Protein chains: 2
Amino acid sequence: MMEAAPTVFVVDDDPSVRKSLGRLLKSAGYRAETFATAGEFMQRGACQGPSCLVLDMELPDLNGLELQQALAGTGRSPLIIFISGHGDIPTSVRAMKRGALDFLPKPFMAQDLLRVVDEALDRSRREQKDRLELSIIQERLAHLTPREYEVLCGVVAGKLNKQIAVELGVGEKTVKVHRGRVMEKMGANSVADLVRAVEKGNAIPPPLGV
Amino acid sequence: MMEAAPTVFVVDDDPSVRKSLGRLLKSAGYRAETFATAGEFMQRGACQGPSCLVLDMELPDLNGLELQQALAGTGRSPLIIFISGHGDIPTSVRAMKRGALDFLPKPFMAQDLLRVVDEALDRSRREQKDRLELSIIQERLAHLTPREYEVLCGVVAGKLNKQIAVELGVGEKTVKVHRGRVMEKMGANSVADLVRAVEKGNAIPPPLGV
DNA sequence: GTTCGTATTGGACGAAGGTCCCATATTATT
DNA sequence: AATAATATGGGACCTTCGTCCAATACGAAC
């Protein structure tokens, strides 16, 4: 199975920068898409393969930091490499605190950018794998009935069927039936698997308070 | 039980900065210790309570980034807030990529520093709690006999006693005995607890390749 | 109004887990 | 040589878990 081509998005208001970065990235073997404004990029939906965003800090509509936040607000959080002609330290620090991967002052050397892009795509692949696993687990969790979910909680808390039954005010028999269905729906072969799945599924990335 | 006083370390070669920051931090209610060089700070051992480090980037012996790495190399990784009079963007970005909490160009406003210090100490408390849990688990893991550890692996992999017995070439009975001891030594009341403990215990913070 | 999903339970049975007491063998330590 | 820790088991016993077949009840959807 072939992996989707790695894509690098470029958002920069300077046409010559877009053109030269586009060329550079394509020559390095990446798919490149360029945008002149934050708005344009927001319109383009997320892509499936690994990707990252090379983002100019100074844009006509939103500035780079604002776009970074806008994307985070809509659930998209691509790996961002900032580039900037007039950046200052506080701006770069804020960008990094919000999760940017790097911040390159213009002008930068092509190989520096390519190295960072390469790292970004590597990380993007890993994140994509993690997100896929997570979404599968959450999908399965969502298909549990309320009762099944209650039983699940008891099981991963290490309680006995008997205890769970008392807490829910039902017979131990009933708990067993639900429990069996939980194992089946979650695709777990053992309590150990179940615990790991639930731990992963509840791992909510803490929002960066920056 | 009273928590150890939060401590802020200051490393700066300028005596007037040390003095004024020391005063500022003490007036804000923190314990403050100041150092003129990286070497001096390295000599002082880690403290127990929550702490963070306010670190000047320009020092006579090592520069700030070097001290940051030197500390990481010895297993200490205090939360670092850089301050710098002559910083540039690449330096600040590198510092942030290596995990610094913030990077304040001099001169900065006292309240800005205090806000960041406060956040750092909050995080330090959380990290300390996590490290404590981790060390307890690792301590317990270290007290398992080799055989018990093998059995533990089988259990958290969701295997049946019978399967584990076959793999280890022993009787199911023996596995049960080891398993019982594992549960006792690990302080686990259920397989679920055991799985969570092992997952935590194996969570090795990935080194920042920066 | 019938069908579907959900929740509930019974009886029965076997598999698996856990814990007593007891026993042996090896190795390391003292 | 004696002691302790480790590793290995037997026998007995109870608990817990899982699954088979079967049934009832409620609400929502078609």
# chains A, B, ... in the order shown; residues from 1 in each chain; ligands from 1

$ residues_around --residues "range 6-11 of chain C" --least-positions-apart "5" --cutoff "10 Å" --atoms "only C-alpha atoms (C1' of nucleotides)" --output "short mmCIF file (atom, residue, chain, number, x, y, z; two decimals) with C-alpha atoms (C1' of nucleotides), in the first residue's frame"
data_model
loop_
_atom_site.label_atom_id
_atom_site.label_comp_id
_atom_site.auth_asym_id
_atom_site.auth_seq_id
_atom_site.Cartn_x
_atom_site.Cartn_y
_atom_site.Cartn_z
CA THR A 145 -24.66 1.91 24.73
CA PRO A 146 -24.81 3.97 27.93
CA ARG A 147 -25.10 0.82 29.97
CA GLU A 148 -22.18 -0.81 28.25
CA VAL A 170 -28.57 -5.04 38.27
CA GLY A 171 -27.77 -8.71 38.37
CA GLU A 172 -24.24 -10.01 37.93
CA LYS A 173 -25.56 -11.90 34.96
CA THR A 174 -26.48 -8.70 33.18
CA VAL A 175 -23.05 -7.26 33.77
CA VAL A 177 -23.59 -9.86 29.05
CA HIS A 178 -22.73 -6.18 28.74
"C1'" DC D 21 -29.62 -21.15 24.82
"C1'" DA D 22 -33.66 -18.84 26.10
"C1'" DA D 23 -36.80 -15.33 27.64
"C1'" DT D 24 -39.16 -10.72 28.89
"C1'" DA D 25 -39.80 -5.75 28.52
"C1'" DC D 26 -39.51 -1.06 26.78
"C1'" DG D 27 -39.07 2.57 23.44
#

$ select_by_dssp --residues "range 37-155 of chain A" --states "strand (DSSP E or B)" --output "PyMOL selection string"
chain A and resi 51-56+79-84+102-105

$ write_last_selection --atoms "C-alpha atoms" --output "mmCIF file, in the first residue's frame"
data_model
loop_
_atom_site.group_PDB
_atom_site.id
_atom_site.type_symbol
_atom_site.label_atom_id
_atom_site.label_comp_id
_atom_site.auth_asym_id
_atom_site.auth_seq_id
_atom_site.Cartn_x
_atom_site.Cartn_y
_atom_site.Cartn_z
ATOM 1 C CA SER A 51 1.829 17.457 5.613
ATOM 2 C CA CYS A 52 3.192 20.610 7.123
ATOM 3 C CA LEU A 53 2.773 24.319 6.705
ATOM 4 C CA VAL A 54 5.451 26.852 5.891
ATOM 5 C CA LEU A 55 3.892 30.053 7.067
ATOM 6 C CA ASP A 56 4.973 33.617 6.609
ATOM 7 C CA LEU A 79 2.812 21.354 11.971
ATOM 8 C CA ILE A 80 3.895 24.899 11.312
ATOM 9 C CA ILE A 81 7.253 26.240 10.289
ATOM 10 C CA PHE A 82 7.211 29.987 10.492
ATOM 11 C CA ILE A 83 9.249 32.175 8.233
ATOM 12 C CA SER A 84 9.464 35.876 8.797
ATOM 13 C CA ASP A 102 10.531 26.170 13.991
ATOM 14 C CA PHE A 103 10.863 29.827 13.200
ATOM 15 C CA LEU A 104 13.218 30.841 10.408
ATOM 16 C CA PRO A 105 14.090 34.488 9.891
#

$ closest_atom_pairs --of "chain B" --to "chain C" --cutoff "12 Å" --atoms "only C-alpha atoms (C1' of nucleotides)" --output "Markdown table"
| residue | atom | partner | partner_atom | distance |
| --- | --- | --- | --- | --- |
| B:Val155 | CA | C:DG17 | C1' | 11.9 |
| B:Lys159 | CA | C:DA16 | C1' | 11.3 |
| B:Leu160 | CA | C:DA16 | C1' | 7.9 |
| B:Asn161 | CA | C:DA16 | C1' | 8.2 |
| B:Lys162 | CA | C:DA16 | C1' | 8.9 |
| B:Gln163 | CA | C:DA16 | C1' | 11.5 |
| B:Glu172 | CA | C:DA16 | C1' | 10.8 |
| B:Lys173 | CA | C:DG18 | C1' | 10.7 |
| B:Val175 | CA | C:DG17 | C1' | 11.0 |
| B:Lys176 | CA | C:DG18 | C1' | 7.7 |
| B:Val177 | CA | C:DG18 | C1' | 9.2 |
| B:His178 | CA | C:DG18 | C1' | 11.6 |
| B:Arg179 | CA | C:DG18 | C1' | 9.6 |
| B:Gly180 | CA | C:DG18 | C1' | 7.8 |
| B:Arg181 | CA | C:DG18 | C1' | 11.4 |
| B:Met183 | CA | C:DG18 | C1' | 11.3 |
| B:Ser190 | CA | C:DG17 | C1' | 11.5 |
| B:Val191 | CA | C:DG17 | C1' | 11.2 |

$ atom_distance --atom1 "CA of Leu141 in chain B" --atom2 "CA of Arg125 in chain B"
24.5 Å

$ select_by_dssp --residues "range 36-199 of chain B" --states "alpha helix (DSSP H)" --output "VMD selection string"
chain B and resid 38 to 43 64 to 73 89 to 97 110 to 142 146 to 156 161 to 168 172 to 186 191 to 199

$ closest_atom_pairs --of "chain D" --to "chain B" --cutoff "12 Å" --atoms "only C-alpha atoms (C1' of nucleotides)" --output "CSV"
residue,atom,partner,partner_atom,distance
D:DA5,C1',B:Thr145,CA,9.8
D:DT6,C1',B:Thr145,CA,7.8
D:DA7,C1',B:Arg147,CA,8.1
D:DT8,C1',B:Thr174,CA,6.4
D:DG9,C1',B:Thr174,CA,6.7
D:DG10,C1',B:Lys173,CA,9.0
D:DG11,C1',B:Lys173,CA,11.2

$ interface_residues --of "chain B" --to "chain A" --cutoff "9 Å" --atoms "only C-alpha atoms" --output "CSV table (one decimal) with N, CA and C atoms, in the first residue's frame"
chain,number,residue,atom,x,y,z
B,87,GLY,N,19.9,38.7,22.8
B,87,GLY,CA,19.4,37.5,22.1
B,87,GLY,C,19.0,37.8,20.7
B,88,ASP,N,19.0,36.7,19.9
B,88,ASP,CA,18.5,36.8,18.5
B,88,ASP,C,17.4,35.7,18.4
B,89,ILE,N,16.7,35.8,17.3
B,89,ILE,CA,15.6,34.8,17.1
B,89,ILE,C,16.1,33.4,17.0
B,90,PRO,N,17.1,33.0,16.3
B,90,PRO,CA,17.6,31.6,16.3
B,90,PRO,C,17.9,31.1,17.7
B,92,SER,N,16.6,32.2,20.6
B,92,SER,CA,15.4,32.0,21.3
B,92,SER,C,14.6,30.7,20.8
B,93,VAL,N,14.6,30.5,19.5
B,93,VAL,CA,13.9,29.4,19.0
B,93,VAL,C,14.6,28.1,19.4
B,94,ARG,N,15.9,28.1,19.4
B,94,ARG,CA,16.6,26.9,19.9
B,94,ARG,C,16.3,26.6,21.3
B,96,MET,N,13.7,27.4,23.0
B,96,MET,CA,12.3,26.9,23.1
B,96,MET,C,12.2,25.5,22.6
B,97,LYS,N,12.9,25.2,21.5
B,97,LYS,CA,12.8,23.8,21.0
B,97,LYS,C,13.3,22.8,22.0
B,101,LEU,N,10.7,27.4,28.9
B,101,LEU,CA,9.4,27.7,29.1
B,101,LEU,C,9.1,29.1,28.5
B,102,ASP,N,10.1,29.9,28.5
B,102,ASP,CA,9.9,31.3,27.9
B,102,ASP,C,11.2,31.9,27.7
B,103,PHE,N,11.2,33.0,27.0
B,103,PHE,CA,12.4,33.7,26.6
B,103,PHE,C,12.1,35.2,26.6
B,104,LEU,N,12.6,35.8,27.7
B,104,LEU,CA,12.3,37.3,27.8
B,104,LEU,C,13.5,38.1,27.5
B,105,PRO,N,13.4,39.0,26.5
B,105,PRO,CA,14.4,39.9,26.2
B,105,PRO,C,14.5,41.0,27.3
B,155,VAL,N,1.2,-11.2,31.6
B,155,VAL,CA,-0.1,-10.7,32.2
B,155,VAL,C,-0.5,-9.4,31.5
B,156,VAL,N,0.4,-8.4,31.4
B,156,VAL,CA,-0.1,-7.2,30.8
B,156,VAL,C,-0.2,-7.3,29.3
B,157,ALA,N,0.3,-8.4,28.7
B,157,ALA,CA,0.0,-8.6,27.3
B,157,ALA,C,-1.3,-9.3,27.1
B,158,GLY,N,-2.0,-9.6,28.2
B,158,GLY,CA,-3.3,-10.1,28.1
B,158,GLY,C,-3.3,-11.6,27.9
B,159,LYS,N,-2.2,-12.3,28.2
B,159,LYS,CA,-2.2,-13.7,28.1
B,159,LYS,C,-2.8,-14.5,29.2
B,189,ASN,N,-4.3,-4.1,42.7
B,189,ASN,CA,-5.5,-4.9,43.1
B,189,ASN,C,-6.2,-5.6,42.0
B,190,SER,N,-5.7,-5.3,40.8
B,190,SER,CA,-6.4,-5.8,39.6
B,190,SER,C,-5.5,-5.8,38.4
B,191,VAL,N,-5.8,-6.6,37.4
B,191,VAL,CA,-5.0,-6.5,36.2
B,191,VAL,C,-5.0,-5.1,35.6
B,192,ALA,N,-6.1,-4.4,35.7
B,192,ALA,CA,-6.2,-3.1,35.2
B,192,ALA,C,-5.2,-2.2,35.8
B,193,ASP,N,-5.1,-2.2,37.2
B,193,ASP,CA,-4.1,-1.4,37.9
B,193,ASP,C,-2.7,-1.8,37.4
B,194,LEU,N,-2.5,-3.1,37.2
B,194,LEU,CA,-1.1,-3.5,36.8
B,194,LEU,C,-0.8,-3.0,35.4
B,195,VAL,N,-1.7,-3.0,34.5
B,195,VAL,CA,-1.5,-2.5,33.2
B,195,VAL,C,-1.1,-1.0,33.2
B,196,ARG,N,-1.9,-0.3,34.0
B,196,ARG,CA,-1.7,1.2,34.1
B,196,ARG,C,-0.3,1.4,34.7
B,199,GLU,N,2.4,0.7,32.1
B,199,GLU,CA,2.4,1.7,31.0
B,199,GLU,C,3.1,3.0,31.5

$ atom_distance --atom1 "CA of Leu113 in chain A" --atom2 "CA of His86 in chain B"
24.7 Å

$ atom_distance --atom1 "CA of Thr7 in chain A" --atom2 "CA of Leu121 in chain A"
8.3 Å

$ residues_around --residues "Ala72 in chain A" --least-positions-apart "2" --cutoff "12 Å" --atoms "only C-alpha atoms (C1' of nucleotides)" --output "mmCIF file with N, CA and C atoms, in the first residue's frame"
data_model
loop_
_atom_site.group_PDB
_atom_site.id
_atom_site.type_symbol
_atom_site.label_atom_id
_atom_site.label_comp_id
_atom_site.auth_asym_id
_atom_site.auth_seq_id
_atom_site.Cartn_x
_atom_site.Cartn_y
_atom_site.Cartn_z
ATOM 1 N N MET A 42 -7.206 28.664 4.681
ATOM 2 C CA MET A 42 -8.288 28.148 5.524
ATOM 3 C C MET A 42 -9.348 27.447 4.671
ATOM 4 N N LEU A 65 0.457 34.231 13.598
ATOM 5 C CA LEU A 65 -0.001 33.724 14.889
ATOM 6 C C LEU A 65 -1.515 33.570 14.906
ATOM 7 N N GLU A 66 -2.192 34.508 14.269
ATOM 8 C CA GLU A 66 -3.646 34.438 14.251
ATOM 9 C C GLU A 66 -4.121 33.236 13.441
ATOM 10 N N LEU A 67 -3.459 33.008 12.325
ATOM 11 C CA LEU A 67 -3.829 31.835 11.536
ATOM 12 C C LEU A 67 -3.581 30.555 12.331
ATOM 13 N N GLN A 68 -2.466 30.530 13.024
ATOM 14 C CA GLN A 68 -2.145 29.366 13.867
ATOM 15 C C GLN A 68 -3.281 29.090 14.855
ATOM 16 N N GLN A 69 -3.763 30.157 15.456
ATOM 17 C CA GLN A 69 -4.850 29.966 16.423
ATOM 18 C C GLN A 69 -6.167 29.623 15.756
ATOM 19 N N ALA A 70 -6.411 30.259 14.624
ATOM 20 C CA ALA A 70 -7.655 29.982 13.910
ATOM 21 C C ALA A 70 -7.711 28.503 13.515
ATOM 22 N N THR A 74 -10.347 25.341 14.807
ATOM 23 C CA THR A 74 -11.191 24.481 13.981
ATOM 24 C C THR A 74 -10.731 23.030 14.030
ATOM 25 N N GLY A 75 -9.856 22.734 14.972
ATOM 26 C CA GLY A 75 -9.445 21.339 15.133
ATOM 27 C C GLY A 75 -8.267 20.952 14.264
ATOM 28 N N ARG A 76 -7.980 21.758 13.273
ATOM 29 C CA ARG A 76 -6.800 21.449 12.461
ATOM 30 C C ARG A 76 -5.584 22.014 13.184
ATOM 31 N N SER A 77 -4.573 21.208 13.320
ATOM 32 C CA SER A 77 -3.348 21.792 13.864
ATOM 33 C C SER A 77 -2.176 21.211 13.102
ATOM 34 N N PRO A 78 -1.969 21.745 11.905
ATOM 35 C CA PRO A 78 -0.850 21.269 11.108
ATOM 36 C C PRO A 78 0.455 21.679 11.768
ATOM 37 N N LEU A 79 1.499 20.995 11.454
ATOM 38 C CA LEU A 79 2.812 21.354 11.971
ATOM 39 C C LEU A 79 3.272 22.584 11.216
ATOM 40 N N ILE A 80 3.602 23.614 11.941
ATOM 41 C CA ILE A 80 3.895 24.899 11.312
ATOM 42 C C ILE A 80 5.359 25.269 11.431
ATOM 43 N N ARG A 98 3.161 28.036 21.196
ATOM 44 C CA ARG A 98 1.901 27.487 20.688
ATOM 45 C C ARG A 98 2.119 26.270 19.825
ATOM 46 N N GLY A 99 3.320 25.778 19.804
ATOM 47 C CA GLY A 99 3.531 24.488 19.158
ATOM 48 C C GLY A 99 4.178 24.532 17.786
ATOM 49 N N ALA A 100 4.613 25.703 17.355
ATOM 50 C CA ALA A 100 5.296 25.745 16.068
ATOM 51 C C ALA A 100 6.537 24.868 16.124
ATOM 52 N N PRO A 205 -5.266 15.784 24.255
ATOM 53 C CA PRO A 205 -4.126 16.698 24.269
ATOM 54 C C PRO A 205 -4.520 18.007 24.930
ATOM 55 N N PRO A 207 -4.927 21.709 25.827
ATOM 56 C CA PRO A 207 -4.796 22.920 25.024
ATOM 57 C C PRO A 207 -3.667 23.768 25.576
ATOM 58 N N LEU A 208 -2.883 24.319 24.685
ATOM 59 C CA LEU A 208 -1.733 25.122 25.105
ATOM 60 C C LEU A 208 -2.219 26.489 25.565
#

$ residues_around --residues "range 18-33 of chain A" --least-positions-apart "6" --cutoff "6 Å" --atoms "only C-alpha atoms (C1' of nucleotides)" --output "ChimeraX atom specification"
/A:6-9

$ write_last_selection --atoms "N, CA and C atoms" --output "short mmCIF file (atom, residue, chain, number, x, y, z; two decimals), in the first residue's frame"
data_model
loop_
_atom_site.label_atom_id
_atom_site.label_comp_id
_atom_site.auth_asym_id
_atom_site.auth_seq_id
_atom_site.Cartn_x
_atom_site.Cartn_y
_atom_site.Cartn_z
N PRO A 6 3.70 13.19 0.61
CA PRO A 6 3.85 14.25 1.59
C PRO A 6 3.65 15.62 0.95
N THR A 7 2.85 16.43 1.61
CA THR A 7 2.51 17.73 1.04
C THR A 7 3.03 18.85 1.94
N VAL A 8 3.58 19.87 1.30
CA VAL A 8 4.01 21.05 2.04
C VAL A 8 3.18 22.23 1.57
N PHE A 9 2.48 22.85 2.49
CA PHE A 9 1.73 24.05 2.16
C PHE A 9 2.59 25.27 2.43
#

$ residues_around --residues "Leu62 in chain A" --least-positions-apart "5" --cutoff "8 Å" --atoms "only C-alpha atoms (C1' of nucleotides)" --output "list of chain:residue names"
A:Thr37, A:Ala38, A:Gly39, A:Leu67
